[in-house]
Amino acid sequence: MAREYQTQAKNDILKYFEEHENQKLHPAEICKGLNERGIVVNLTTVYRNLSRLVEAGTIVKVRDADSEGAAYTYSSGHCHCNSHLHAQCKGCGKMFHLESEAAKVFCEALLKDYGFVLNLRSSTLIGYCAECKEKMHA
């Protein structure tokens, strides 16, 4: 097994995610944000480190509600993201880890009623958080 090296770029990217907890981030956005702080990284470096961080379970790759591409979010201690549903606010992009009993019952009902097993790690429900919903109706 190859040894995993800690690089400054990887550390900087991880710190950027920690500072943007529960937000979806795109690779170009991460690159731009770091460069604006004087941390010089290129898009290739960002992508390479995103792959490593996803593999390690530190961040989660999610489908972006606003495009066909992918976005990433900090797992914030949810290293078991393959065991629960996720939800993303289409308004602000905030990610939610759905670990409630209701989410478990939903997954069990899919299996019982349809014989369908949901891939929890890559399934994201899209909607609006309470804050964005309130702003829409204000």
# chains A, B, ... in the order shown; residues from 1 in each chain; ligands from 1
$ select_by_dssp --residues "chain A" --states "alpha helix (DSSP H)" --output "ChimeraX atom specification"
/A:8-19,27-36,43-56,101-114,130-136
$ residues_around --residues "A:Lys32" --least-positions-apart "6" --cutoff "9 Å" --atoms "only C-alpha atoms" --output "JSON, numbers by chain"
{"A": [41, 42, 43]}
$ closest_residue --among "A:Gln8, A:Gly91, A:Leu14, A:Gln23" --to "A:Val54" --atoms "only C-alpha atoms"
A:Leu14
$ select_by_dssp --residues "chain A" --states "strand (DSSP E)" --output "PyMOL selection string"
chain A and resi 59-63+70-74+85-89+95-98+124-127
$ atom_distance --atom1 "atom CA of A:Lys15" --atom2 "atom CA of A:Gly69"
23.0 Å
$ residues_around --residues "A:Gly127" --least-positions-apart "4" --cutoff "7 Å" --atoms "only C-alpha atoms" --output "ChimeraX atom specification"
/A:88-90
$ closest_residue --among "A:Ala70, A:Val46, A:Ala56, A:Ala87" --to "A:Tyr16" --atoms "only C-alpha atoms"
A:Val46
$ closest_residue --among "A:Ile59, A:Ala71, A:Cys31, A:Leu118" --to "A:Gly93" --atoms "only C-alpha atoms"
A:Ala71
$ residues_around --residues "stretch 104-108 of chain A" --least-positions-apart "5" --cutoff "9 Å" --atoms "only C-alpha atoms" --output "mmCIF file with C-alpha atoms, in the first residue's frame"
data_model
loop_
_atom_site.group_PDB
_atom_site.id
_atom_site.type_symbol
_atom_site.label_atom_id
_atom_site.label_comp_id
_atom_site.auth_asym_id
_atom_site.auth_seq_id
_atom_site.Cartn_x
_atom_site.Cartn_y
_atom_site.Cartn_z
ATOM 1 C CA HIS A 84 -27.352 8.064 5.525
ATOM 2 C CA LEU A 85 -29.149 10.324 3.058
ATOM 3 C CA LEU A 98 -30.090 13.127 7.181
ATOM 4 C CA GLU A 99 -29.500 10.669 9.977
ATOM 5 C CA ASP A 113 -42.195 -1.487 -1.667
ATOM 6 C CA PHE A 116 -34.872 -0.649 -4.612
ATOM 7 C CA VAL A 117 -31.665 -0.110 -2.636
ATOM 8 C CA LEU A 118 -30.584 3.509 -2.619
#
$ closest_residue --among "A:Asn35, A:Asn22, A:Asn11, A:Ser75" --to "A:Glu55" --atoms "only C-alpha atoms"
A:Ser75
$ closest_residue --among "A:Leu53, A:Leu111, A:Ile30, A:Ala138" --to "A:Gln6" --atoms "only C-alpha atoms"
A:Leu53
$ closest_residue --among "A:Lys94, A:Arg48, A:Lys24, A:Lys112" --to "A:Val60" --atoms "only C-alpha atoms"
A:Lys24
$ residues_around --residues "A:Val62" --least-positions-apart "4" --cutoff "8 Å" --atoms "only C-alpha atoms" --output "list in words"
Ala70, Ala71, Tyr72, Thr73, Ser122, Ser123 and Thr124 of chain A
$ atom_distance --atom1 "atom CA of A:Ala103" --atom2 "atom CA of A:Gly115"
16.8 Å
$ atom_distance --atom1 "atom CA of A:Lys10" --atom2 "atom CA of A:Asn49"
5.8 Å
